[in-house]
Number of protein chains: 2
Amino acid sequence: MEEEQVIRTDLCSSGKEKPQADQLEFGRIFTDHMFLMDFTDDKGWHDPRIVPYEPLSIDPSAMVFHYGQSVFEGMKAYRTPDEDAQLFRPQRNFKRMNHSNSRLCIPPIDEAFALKALKQLIGLEKDWIPEAEGTSLYIRPFIISTEPYLGVSPSSHYKFIIILSPVGAYYKEGINPVKIAVEHEYVRTVKGGTGEAKTGGNYAASLKAQELAEDGIAQVLWLDGVDRKYIEEVGSMNVFFKIDGKVVTPALNGSILEGVTRNSVIQLLKYWNVPVEERRLSLEEVVTAHKDGKLEEAFGAGTAAVISPISQLVRGDKHLEINQGKTGTIAKRLYDTLTGIQYGKIQDPFDWIEKVEDVQQETLKASS
Amino acid sequence: MEEEQVIRTDLCSSGKEKPQADQLEFGRIFTDHMFLMDFTDDKGWHDPRIVPYEPLSIDPSAMVFHYGQSVFEGMKAYRTPDEDAQLFRPQRNFKRMNHSNSRLCIPPIDEAFALKALKQLIGLEKDWIPEAEGTSLYIRPFIISTEPYLGVSPSSHYKFIIILSPVGAYYKEGINPVKIAVEHEYVRTVKGGTGEAKTGGNYAASLKAQELAEDGIAQVLWLDGVDRKYIEEVGSMNVFFKIDGKVVTPALNGSILEGVTRNSVIQLLKYWNVPVEERRLSLEEVVTAHKDGKLEEAFGAGTAAVISPISQLVRGDKHLEINQGKTGTIAKRLYDTLTGIQYGKIQDPFDWIEKVEDVQQETLKASS
Ligand SMILES: Cc1ncc(COP(=O)(O)O)c(C=O)c1O
Ligand SMILES: Cc1ncc(COP(=O)(O)O)c(C=O)c1O
């Protein structure tokens, strides 16, 4: 149904000034336009449109403010050496959004139409994709529940929105290992909860542990909420350990988010014939491997950092140093390959890249 | 600090039409005004004001839309036979809000000032407190994170808002027992999570189980997220079982919300010399008590319903009938006493009632 829909456009008269490469942070500056589409029970998803970036006008009783019924996604657009714009496996993000929608009782979106809308928006905002090494245009699709009603039940009104933010390089001075701490008190989610979904509540729940973590701790290592023994994720990344020549990552168990980067790492490792295992992994196993000199590497994997090597695992007053605090060979190879593919600098053997056509503002003006 | 602050008022020129008693639902209609106050890192909580009820203008990148950093409260204002307006233990709600704030990394509010602001708002909107038996003015204080930033970290901007909604009687035809079903697949929260806090994510997580519950099931019975054996809450109420002459309710364990009604029920039972226990309570114990003919009553307790008797506990294909499906003696006595105190019809031996002074619009206009 949505595929038939025309994306209405209402362009702003004059664009904002674009930030200098060295002023770029993460997620503080937004481009000139955004994509929006509404849902009501009677009309379904309707009125898709590209409009100037501006505040939303939302009733104070809207459900999202009270009962957190919302989902989001995160991905990036990259500028290639040929000045093309491209996306990395965006289909997976919209598929995951629908998976999240299902858990949160939010009506599904048409994934193909969402991708079409995203490409049109990116094509229009292409000049906002920064040039400098390691920079990109961060893409935030999200859905919020907007019915003005205080009953605890799924909303009958939603907004699907895509906003774009030019972001600086995650590593200013090359890929850089970080210290992480095992979290024993707080959990981000549990089996039967919402961990598999990308929904606000999981992130709200995660803030406290990070706030309490000691200085110098970049991320916390989340253990499962039932036994408090098994490793789940690190900060908001999936996590990998190289133990005795094998790369191990926690199996998807219902409380772990299925990362696009995680999936890409696993595919690359298999392609390279590096043994990789998705299975239950206890903290104890990692600690024992460290003691036996078999913990060779550890790293997080997610869209923001791509690969984030772990230099130390802090557990109470014990500090376990990994690979002498340096970036491991596998982490480095994964980082170089993934960013190489994302920025169109090396060949993409997996068909992961989705090119974005330029959109001329004039064309849109004429069509709208 | 906030106690010194003057509450600025900006009154609407003409009020909305008030609903007929028989049109009242829950949480769909809002009064003419709302209370707002802002927080920024440099100014703290500032600019407290009563303004016309209207949509909020919020940046699409505001944290509440993405990472669910929010808390809320729920209480009611009641009209007495003498046409006074009164509140039931509102101090507990603002105290709980600060408890929620702490878990969610939201800066604390000044509880006394919040109560002062609430009374001023209620005093102004007193005509909105409906008259008919069992009706009331529902009060929704909430805090949302509004910093326009996509990083996962506590927001540096917040809004504290109070909105009011006239609501109909929960029981149209007298207190009425409901069927509930044991939830085995989903959990609303877990120890180490956010269950003790009144935050959106817990409610978002709860929607799916209710959606999947079979027809005729009013609420689901939540088991703990670790062992999936111990009873936690029912829907968004605390839960009580009368077993062999003793009233038992799950002890506060970190994943149960501490209800104001729960606390009041416990105090009343003690006052009446009815044995009451707060302890771990397994589903198995309840089922066994039923088999042995010792499960005498079961009921939920919360602001919306006050007391919600349970007629049947559904567990897979087994239906356990309780007290022949009728409202129990204790449930009825609690309901009558609590509502009697709330509506000022019987004496309040606990000092639970907080009177609200009328506020003349003219006075406010003169002072602003
Ligand atoms: C909780 C969590 N885990 C893992 C990831 C990694 O997912 P992706 O590789 O798709 O970015 C994310 C998102 O970035 C996340 O929020
Ligand atoms: C999850 C949950 N449990 C219990 C309660 C009961 O709390 P109170 O009695 O304060 O309304 C509520 C709120 O109404 C709730 O949301």
# chains A, B, ... in the order shown; residues from 1 in each chain; ligands from 1
>>> residues_near_ligand(ligand="ligand 1", cutoff="10 Å", atoms="only C-alpha atoms and all ligand atoms", output="NGL selection string")
(:A and (72-76 or 89-90 or 92-93 or 96 or 188-189 or 195-200 or 202-203 or 206 or 222 or 232-239 or 255-265 or 300-307)) or (:B and (152))
>>> calpha_fit_and_write(fixed="chain B", moving="chain A", output="compact mmCIF listing (two decimals) with C-alpha atoms, in the first residue's frame")
# COMPACT_ATOMS: atom_id res chain seq x y z
CA MET A 1 15.84 27.02 46.39
CA GLU A 2 12.68 26.28 44.46
CA GLU A 3 10.58 27.18 47.50
CA GLU A 4 11.46 30.80 46.94
CA GLN A 5 10.26 30.64 43.36
CA VAL A 6 7.06 32.35 42.33
CA ILE A 7 4.73 30.36 40.13
CA ARG A 8 4.07 32.52 37.11
CA THR A 9 0.56 32.21 35.71
CA ASP A 10 -0.74 32.71 32.23
CA LEU A 11 -4.45 31.92 32.24
CA CYS A 12 -6.48 31.02 29.19
CA SER A 13 -9.13 33.52 28.22
CA SER A 14 -12.05 31.13 28.04
CA GLY A 15 -12.26 27.61 29.42
CA LYS A 16 -13.23 24.48 27.49
CA GLU A 17 -16.64 22.94 28.01
CA LYS A 18 -16.65 20.38 30.82
CA PRO A 19 -17.77 16.84 29.97
CA GLN A 20 -21.09 15.39 31.17
CA ALA A 21 -20.76 12.92 34.04
CA ASP A 22 -21.82 10.01 31.80
CA GLN A 23 -19.23 10.89 29.12
CA LEU A 24 -16.29 10.57 31.46
CA GLU A 25 -13.72 7.96 30.56
CA PHE A 26 -10.14 7.62 31.77
CA GLY A 27 -7.41 9.98 30.60
CA ARG A 28 -8.88 11.36 27.37
CA ILE A 29 -9.96 14.87 28.37
CA PHE A 30 -7.68 17.43 29.97
CA THR A 31 -8.41 20.60 31.91
CA ASP A 32 -7.74 24.19 30.84
CA HIS A 33 -4.33 24.60 32.43
CA MET A 34 -1.16 22.71 33.20
CA PHE A 35 1.89 23.25 35.38
CA LEU A 36 5.36 23.33 33.84
CA MET A 37 8.90 23.86 35.08
CA ASP A 38 12.22 23.50 33.22
CA PHE A 39 15.58 22.10 34.18
CA THR A 40 18.94 22.97 32.68
CA ASP A 41 22.32 22.05 34.11
CA ASP A 42 23.22 25.67 34.77
CA LYS A 43 19.90 26.96 36.20
CA GLY A 44 18.54 23.84 37.92
CA TRP A 45 14.73 23.64 38.05
CA HIS A 46 13.41 27.03 37.04
CA ASP A 47 10.55 29.04 35.57
CA PRO A 48 7.66 27.30 37.33
CA ARG A 49 4.44 28.35 35.63
CA ILE A 50 0.78 27.58 35.16
CA VAL A 51 -0.16 28.01 31.50
CA PRO A 52 -3.00 27.02 29.17
CA TYR A 53 -3.06 23.30 28.30
CA GLU A 54 -1.52 23.07 24.84
CA PRO A 55 0.83 20.97 22.72
CA LEU A 56 4.51 20.94 23.65
CA SER A 57 7.03 22.03 21.08
CA ILE A 58 9.94 19.58 21.30
CA ASP A 59 12.93 18.95 19.08
CA PRO A 60 12.78 15.63 17.19
CA SER A 61 16.18 14.75 18.66
CA ALA A 62 14.98 15.21 22.27
CA MET A 63 16.17 12.31 24.37
CA VAL A 64 12.75 11.23 25.58
CA PHE A 65 11.85 10.18 22.04
CA HIS A 66 14.93 7.97 21.71
CA TYR A 67 16.20 6.75 25.07
CA GLY A 68 13.06 6.82 27.20
CA GLN A 69 14.53 8.86 30.03
CA SER A 70 11.28 9.77 31.77
CA VAL A 71 9.30 9.22 34.97
CA PHE A 72 5.69 9.80 35.96
CA GLU A 73 3.23 9.67 38.82
CA GLY A 74 -0.49 9.09 39.14
CA MET A 75 -2.88 10.28 41.85
CA LYS A 76 -6.33 11.84 42.18
CA ALA A 77 -8.17 14.86 43.53
CA TYR A 78 -11.55 14.10 45.09
CA ARG A 79 -14.61 16.27 45.69
CA THR A 80 -16.06 15.94 49.20
CA PRO A 81 -19.75 16.23 50.15
CA ASP A 82 -18.90 19.78 51.39
CA GLU A 83 -17.58 20.67 47.91
CA ASP A 84 -14.00 20.73 49.10
CA ALA A 85 -11.14 19.41 46.96
CA GLN A 86 -8.73 17.00 48.55
CA LEU A 87 -5.73 14.79 47.77
CA PHE A 88 -4.77 11.38 49.15
CA ARG A 89 -1.18 11.09 50.43
CA PRO A 90 0.31 13.21 47.62
CA GLN A 91 3.63 13.51 49.48
CA ARG A 92 4.19 9.80 48.78
CA ASN A 93 3.82 10.34 45.05
CA PHE A 94 6.41 13.11 44.91
CA LYS A 95 8.71 11.07 47.11
CA ARG A 96 8.32 8.10 44.78
CA MET A 97 8.95 10.40 41.83
CA ASN A 98 12.31 11.30 43.33
CA HIS A 99 13.03 7.61 43.88
CA SER A 100 12.27 7.03 40.19
CA ASN A 101 14.37 10.07 39.26
CA SER A 102 17.35 8.61 41.06
CA ARG A 103 17.16 5.32 39.10
CA LEU A 104 16.72 7.20 35.81
CA CYS A 105 19.52 9.74 36.45
CA ILE A 106 17.01 12.61 36.45
CA PRO A 107 17.74 15.51 38.85
CA PRO A 108 15.52 15.46 41.96
CA ILE A 109 12.59 17.83 42.36
CA ASP A 110 11.78 19.80 45.50
CA GLU A 111 8.91 17.66 46.81
CA ALA A 112 7.35 20.39 48.94
CA PHE A 113 7.42 22.84 46.06
CA ALA A 114 5.89 20.29 43.68
CA LEU A 115 3.03 19.78 46.13
CA LYS A 116 2.55 23.52 46.44
CA ALA A 117 2.42 23.83 42.66
CA LEU A 118 -0.03 20.95 42.40
CA LYS A 119 -2.32 22.50 44.99
CA GLN A 120 -2.26 25.81 43.19
CA LEU A 121 -3.15 24.10 39.91
CA ILE A 122 -5.94 22.01 41.49
CA GLY A 123 -7.26 25.06 43.32
CA LEU A 124 -7.49 26.86 40.00
CA GLU A 125 -9.12 23.92 38.19
CA LYS A 126 -11.40 22.90 41.03
CA ASP A 127 -14.54 23.13 38.88
CA TRP A 128 -13.06 20.33 36.79
CA ILE A 129 -13.33 17.84 39.65
CA PRO A 130 -16.46 15.95 38.67
CA GLU A 131 -19.38 15.50 41.09
CA ALA A 132 -20.83 12.08 40.39
CA GLU A 133 -20.22 9.04 42.62
CA GLY A 134 -16.84 7.45 42.01
CA THR A 135 -15.56 10.15 39.66
CA SER A 136 -12.42 12.18 40.32
CA LEU A 137 -9.76 14.39 38.79
CA TYR A 138 -6.79 12.26 37.76
CA ILE A 139 -3.41 13.95 38.27
CA ARG A 140 -0.44 13.12 36.07
CA PRO A 141 2.90 14.66 37.07
CA PHE A 142 5.71 13.61 34.71
CA ILE A 143 9.26 14.48 33.74
CA ILE A 144 10.70 14.15 30.25
CA SER A 145 14.26 14.60 29.01
CA THR A 146 14.45 17.24 26.31
CA GLU A 147 18.09 17.81 25.43
CA PRO A 148 18.41 17.74 21.63
CA TYR A 149 21.22 15.18 21.59
CA LEU A 150 21.50 11.59 20.40
CA GLY A 151 24.28 10.44 22.72
CA VAL A 152 23.30 7.77 25.25
CA SER A 153 23.85 9.71 28.47
CA PRO A 154 21.65 11.54 30.96
CA SER A 155 19.99 14.61 29.48
CA SER A 156 20.99 18.09 30.58
CA HIS A 157 17.46 19.49 29.93
CA TYR A 158 14.16 18.32 31.41
CA LYS A 159 10.55 19.42 31.71
CA PHE A 160 8.43 18.67 34.77
CA ILE A 161 4.76 18.88 33.87
CA ILE A 162 1.47 18.29 35.67
CA ILE A 163 -1.69 17.67 33.65
CA LEU A 164 -5.18 16.94 34.98
CA SER A 165 -7.93 14.75 33.57
CA PRO A 166 -11.49 14.34 34.90
CA VAL A 167 -12.20 10.59 35.02
CA GLY A 168 -15.32 8.47 35.34
CA ALA A 169 -16.00 5.88 38.03
CA TYR A 170 -13.75 2.82 37.61
CA TYR A 171 -16.68 0.58 38.54
CA LYS A 172 -19.82 1.72 36.75
CA GLU A 173 -22.02 -0.77 38.61
CA GLY A 174 -20.28 -1.33 41.91
CA ILE A 175 -17.00 -3.09 42.64
CA ASN A 176 -16.66 -5.97 40.24
CA PRO A 177 -14.27 -8.97 40.27
CA VAL A 178 -12.12 -9.69 37.19
CA LYS A 179 -10.30 -12.63 35.61
CA ILE A 180 -6.53 -12.50 35.47
CA ALA A 181 -4.04 -14.75 33.66
CA VAL A 182 -0.58 -15.85 34.76
CA GLU A 183 2.03 -14.53 32.31
CA HIS A 184 4.74 -17.10 31.56
CA GLU A 185 6.49 -15.69 28.50
CA TYR A 186 6.97 -11.96 29.06
CA VAL A 187 8.25 -10.09 32.09
CA ARG A 188 7.78 -6.40 32.83
CA THR A 189 11.12 -5.96 34.58
CA VAL A 190 13.70 -7.73 36.73
CA LYS A 191 15.86 -7.11 39.79
CA GLY A 192 18.61 -4.69 38.73
CA GLY A 193 16.23 -3.22 36.14
CA THR A 194 13.76 -0.36 36.55
CA GLY A 195 10.75 -2.11 38.15
CA GLU A 196 10.94 -0.08 41.34
CA ALA A 197 10.73 3.13 39.32
CA LYS A 198 7.66 4.54 37.60
CA THR A 199 9.22 4.96 34.17
CA GLY A 200 7.81 4.53 30.68
CA GLY A 201 9.91 1.53 29.67
CA ASN A 202 8.21 -0.76 32.21
CA TYR A 203 4.81 0.03 30.73
CA ALA A 204 6.03 -0.28 27.13
CA ALA A 205 7.38 -3.73 28.03
CA SER A 206 4.02 -4.74 29.52
CA LEU A 207 1.87 -4.03 26.45
CA LYS A 208 2.61 -7.23 24.55
CA ALA A 209 1.42 -9.67 27.23
CA GLN A 210 -1.84 -7.79 27.61
CA GLU A 211 -2.32 -7.71 23.83
CA LEU A 212 -1.86 -11.49 23.60
CA ALA A 213 -4.05 -12.30 26.62
CA GLU A 214 -7.26 -14.08 25.68
CA ASP A 215 -10.62 -12.33 25.65
CA GLY A 216 -12.09 -11.69 29.03
CA ILE A 217 -8.71 -11.42 30.77
CA ALA A 218 -8.60 -8.04 32.51
CA GLN A 219 -4.98 -8.13 33.65
CA VAL A 220 -1.93 -10.35 33.60
CA LEU A 221 -0.22 -11.63 36.72
CA TRP A 222 3.50 -10.87 36.47
CA LEU A 223 6.01 -13.37 37.79
CA ASP A 224 9.59 -12.45 38.69
CA GLY A 225 12.08 -12.32 35.81
CA VAL A 226 14.71 -14.54 37.43
CA ASP A 227 13.01 -17.71 38.70
CA ARG A 228 9.66 -17.10 36.97
CA LYS A 229 8.06 -18.52 40.11
CA TYR A 230 7.37 -15.64 42.43
CA ILE A 231 4.40 -13.32 42.16
CA GLU A 232 5.20 -9.63 41.58
CA GLU A 233 2.21 -7.54 40.47
CA VAL A 234 -1.04 -7.74 38.57
CA GLY A 235 -1.34 -5.46 35.51
CA SER A 236 -0.26 -2.13 36.92
CA MET A 237 -1.39 -2.83 40.45
CA ASN A 238 0.12 -4.44 43.52
CA VAL A 239 -1.50 -7.72 44.49
CA PHE A 240 -2.76 -9.30 47.72
CA PHE A 241 -3.90 -12.84 48.54
CA LYS A 242 -5.81 -13.91 51.64
CA ILE A 243 -4.57 -17.39 52.50
CA ASP A 244 -5.84 -19.21 55.57
CA GLY A 245 -6.81 -16.05 57.40
CA LYS A 246 -3.64 -14.10 56.59
CA VAL A 247 -3.27 -11.43 53.94
CA VAL A 248 -0.03 -11.85 51.97
CA THR A 249 1.54 -9.45 49.48
CA PRO A 250 4.91 -9.78 47.69
CA ALA A 251 7.68 -8.01 49.61
CA LEU A 252 9.37 -5.07 47.88
CA ASN A 253 12.33 -6.72 46.20
CA GLY A 254 13.67 -4.15 43.77
CA SER A 255 11.44 -5.04 40.84
CA ILE A 256 8.04 -4.24 42.39
CA LEU A 257 6.62 -0.71 42.43
CA GLU A 258 5.81 0.49 45.93
CA GLY A 259 2.17 1.50 45.56
CA VAL A 260 0.59 4.18 47.70
CA THR A 261 -2.55 2.02 47.79
CA ARG A 262 -0.45 -1.04 48.80
CA ASN A 263 1.01 0.86 51.71
CA SER A 264 -2.43 2.14 52.75
CA VAL A 265 -3.92 -1.37 52.57
CA ILE A 266 -1.17 -2.73 54.81
CA GLN A 267 -1.69 0.08 57.34
CA LEU A 268 -5.45 -0.46 57.39
CA LEU A 269 -5.12 -4.21 57.86
CA LYS A 270 -2.74 -3.70 60.78
CA TYR A 271 -5.15 -1.13 62.29
CA TRP A 272 -7.89 -3.73 62.04
CA ASN A 273 -5.70 -6.45 63.50
CA VAL A 274 -5.93 -8.54 60.37
CA PRO A 275 -2.67 -10.51 60.01
CA VAL A 276 -0.70 -9.19 57.04
CA GLU A 277 2.60 -10.41 55.66
CA GLU A 278 5.00 -8.87 53.15
CA ARG A 279 7.11 -11.71 51.86
CA ARG A 280 8.17 -13.74 48.86
CA LEU A 281 5.11 -15.55 47.54
CA SER A 282 5.33 -18.23 44.88
CA LEU A 283 2.59 -18.95 42.38
CA GLU A 284 2.82 -22.56 43.57
CA GLU A 285 1.87 -21.53 47.11
CA VAL A 286 -1.24 -19.77 45.82
CA VAL A 287 -2.20 -22.75 43.65
CA THR A 288 -1.70 -25.17 46.54
CA ALA A 289 -3.72 -22.95 48.89
CA HIS A 290 -6.51 -22.97 46.30
CA LYS A 291 -6.42 -26.76 46.08
CA ASP A 292 -6.58 -27.02 49.87
CA GLY A 293 -9.53 -24.63 50.02
CA LYS A 294 -7.43 -22.01 51.82
CA LEU A 295 -7.26 -19.29 49.16
CA GLU A 296 -9.96 -17.02 50.55
CA GLU A 297 -9.51 -13.80 48.56
CA ALA A 298 -7.29 -12.16 45.96
CA PHE A 299 -7.25 -8.54 44.83
CA GLY A 300 -5.18 -5.89 43.08
CA ALA A 301 -4.56 -2.47 44.66
CA GLY A 302 -3.76 0.78 42.88
CA THR A 303 -4.89 4.37 42.48
CA ALA A 304 -7.12 3.79 39.43
CA ALA A 305 -9.30 0.94 40.73
CA VAL A 306 -8.45 1.35 44.44
CA ILE A 307 -9.22 -2.37 45.02
CA SER A 308 -9.79 -4.80 42.15
CA PRO A 309 -11.06 -8.20 43.36
CA ILE A 310 -9.91 -11.23 41.38
CA SER A 311 -12.58 -13.78 40.49
CA GLN A 312 -10.41 -16.25 38.59
CA LEU A 313 -6.76 -17.00 38.11
CA VAL A 314 -6.19 -18.46 34.65
CA ARG A 315 -3.09 -20.60 34.17
CA GLY A 316 -2.88 -22.26 30.79
CA ASP A 317 -6.12 -24.21 30.51
CA LYS A 318 -6.73 -24.28 34.26
CA HIS A 319 -9.17 -21.79 35.76
CA LEU A 320 -8.92 -21.33 39.51
CA GLU A 321 -12.05 -19.72 40.86
CA ILE A 322 -11.57 -17.60 43.96
CA ASN A 323 -14.27 -16.95 46.59
CA GLN A 324 -16.91 -18.26 44.14
CA GLY A 325 -16.06 -15.37 41.84
CA LYS A 326 -17.38 -12.82 44.33
CA THR A 327 -15.81 -9.80 46.01
CA GLY A 328 -14.34 -10.91 49.35
CA THR A 329 -15.11 -9.36 52.73
CA ILE A 330 -11.65 -7.87 53.19
CA ALA A 331 -11.54 -6.47 49.64
CA LYS A 332 -14.94 -4.84 50.15
CA ARG A 333 -14.02 -3.40 53.54
CA LEU A 334 -10.77 -1.99 52.16
CA TYR A 335 -12.52 -0.50 49.15
CA ASP A 336 -15.23 1.14 51.24
CA THR A 337 -12.78 2.50 53.78
CA LEU A 338 -10.24 3.82 51.29
CA THR A 339 -12.83 5.48 49.05
CA GLY A 340 -14.67 6.73 52.14
CA ILE A 341 -11.51 8.49 53.33
CA GLN A 342 -10.58 9.72 49.85
CA TYR A 343 -14.00 11.32 49.26
CA GLY A 344 -14.16 12.74 52.77
CA LYS A 345 -17.17 10.62 53.73
CA ILE A 346 -15.58 8.90 56.68
CA GLN A 347 -13.02 9.97 59.21
CA ASP A 348 -9.32 9.82 58.30
CA PRO A 349 -7.48 8.36 61.32
CA PHE A 350 -4.10 8.39 59.56
CA ASP A 351 -3.78 11.97 58.42
CA TRP A 352 -3.77 10.81 54.81
CA ILE A 353 -5.86 13.65 53.45
CA GLU A 354 -4.41 16.90 52.16
CA LYS A 355 -6.97 19.67 51.66
CA VAL A 356 -6.70 22.00 48.68
CA GLU A 357 -7.60 25.66 49.01
CA ASP A 358 -9.63 27.28 46.25
CA VAL A 359 -7.66 29.63 44.04
CA GLN A 360 -9.52 32.52 42.47
CA GLN A 361 -8.51 33.20 38.89
CA GLU A 362 -8.68 36.90 39.77
CA THR A 363 -6.06 36.51 42.50
CA LEU A 364 -3.71 34.81 40.07
CA LYS A 365 -4.30 37.40 37.40
CA ALA A 366 -3.52 40.13 39.88
CA SER A 367 -0.31 38.44 41.05
CA SER A 368 1.07 37.62 37.64
>>> select_by_dssp(residues="region 120-192 of chain B", states="helix (DSSP H, G or I)", output="list in words")
Gln120, Leu121, Ile122, Gly123, Leu124, Lys126, Asp127 and Trp128 of chain B
>>> write_last_selection(atoms="all heavy atoms", output="compact mmCIF listing (two decimals), in the first residue's frame")
# COMPACT_ATOMS: atom_id res chain seq x y z
N GLN B 120 -1.88 24.57 43.88
CA GLN B 120 -2.26 25.81 43.19
C GLN B 120 -3.01 25.48 41.90
O GLN B 120 -4.05 26.07 41.59
CB GLN B 120 -1.02 26.65 42.91
CG GLN B 120 -1.36 28.02 42.37
CD GLN B 120 -0.25 29.02 42.65
OE1 GLN B 120 0.41 28.99 43.69
NE2 GLN B 120 -0.05 29.94 41.71
N LEU B 121 -2.50 24.49 41.17
CA LEU B 121 -3.15 24.09 39.92
C LEU B 121 -4.55 23.51 40.18
O LEU B 121 -5.52 23.87 39.51
CB LEU B 121 -2.27 23.07 39.19
CG LEU B 121 -2.79 22.54 37.85
CD1 LEU B 121 -2.83 23.66 36.80
CD2 LEU B 121 -1.91 21.39 37.34
N ILE B 122 -4.64 22.63 41.17
CA ILE B 122 -5.94 22.01 41.49
C ILE B 122 -6.92 23.09 41.98
O ILE B 122 -8.10 23.07 41.62
CB ILE B 122 -5.79 20.95 42.61
CG1 ILE B 122 -4.85 19.84 42.19
CG2 ILE B 122 -7.17 20.41 43.03
CD1 ILE B 122 -5.47 18.75 41.39
N GLY B 123 -6.40 23.99 42.81
CA GLY B 123 -7.26 25.06 43.33
C GLY B 123 -7.87 25.87 42.19
O GLY B 123 -9.05 26.23 42.21
N LEU B 124 -7.06 26.10 41.17
CA LEU B 124 -7.50 26.87 40.01
C LEU B 124 -8.50 26.08 39.16
O LEU B 124 -9.44 26.65 38.60
CB LEU B 124 -6.25 27.20 39.17
CG LEU B 124 -6.46 27.96 37.88
CD1 LEU B 124 -6.86 29.41 38.17
CD2 LEU B 124 -5.17 27.94 37.04
N LYS B 126 -10.50 23.65 40.15
CA LYS B 126 -11.40 22.90 41.03
C LYS B 126 -12.73 22.53 40.38
O LYS B 126 -13.26 21.44 40.60
CB LYS B 126 -11.65 23.71 42.30
CG LYS B 126 -12.38 22.90 43.35
CD LYS B 126 -12.63 23.69 44.61
CE LYS B 126 -13.79 23.06 45.35
NZ LYS B 126 -14.24 23.88 46.47
N ASP B 127 -13.24 23.42 39.54
CA ASP B 127 -14.53 23.14 38.89
C ASP B 127 -14.46 21.92 37.97
O ASP B 127 -15.50 21.41 37.52
CB ASP B 127 -14.99 24.34 38.07
CG ASP B 127 -15.38 25.50 38.98
OD1 ASP B 127 -15.49 25.29 40.21
OD2 ASP B 127 -15.55 26.62 38.46
N TRP B 128 -13.23 21.51 37.64
CA TRP B 128 -13.05 20.34 36.79
C TRP B 128 -13.16 19.03 37.57
O TRP B 128 -13.17 17.95 36.96
CB TRP B 128 -11.69 20.41 36.09
CG TRP B 128 -11.67 21.28 34.88
CD1 TRP B 128 -11.30 22.59 34.82
CD2 TRP B 128 -12.00 20.89 33.55
NE1 TRP B 128 -11.38 23.05 33.53
CE2 TRP B 128 -11.81 22.02 32.72
CE3 TRP B 128 -12.45 19.70 32.96
CZ2 TRP B 128 -12.03 21.99 31.34
CZ3 TRP B 128 -12.67 19.67 31.59
CH2 TRP B 128 -12.47 20.81 30.80
>>> select_by_dssp(residues="region 167-265 of chain B", states="strand (DSSP E or B)", output="MDAnalysis selection string")
chainID B and resid 167 178:183 217:223 230:234 237:243 246:250
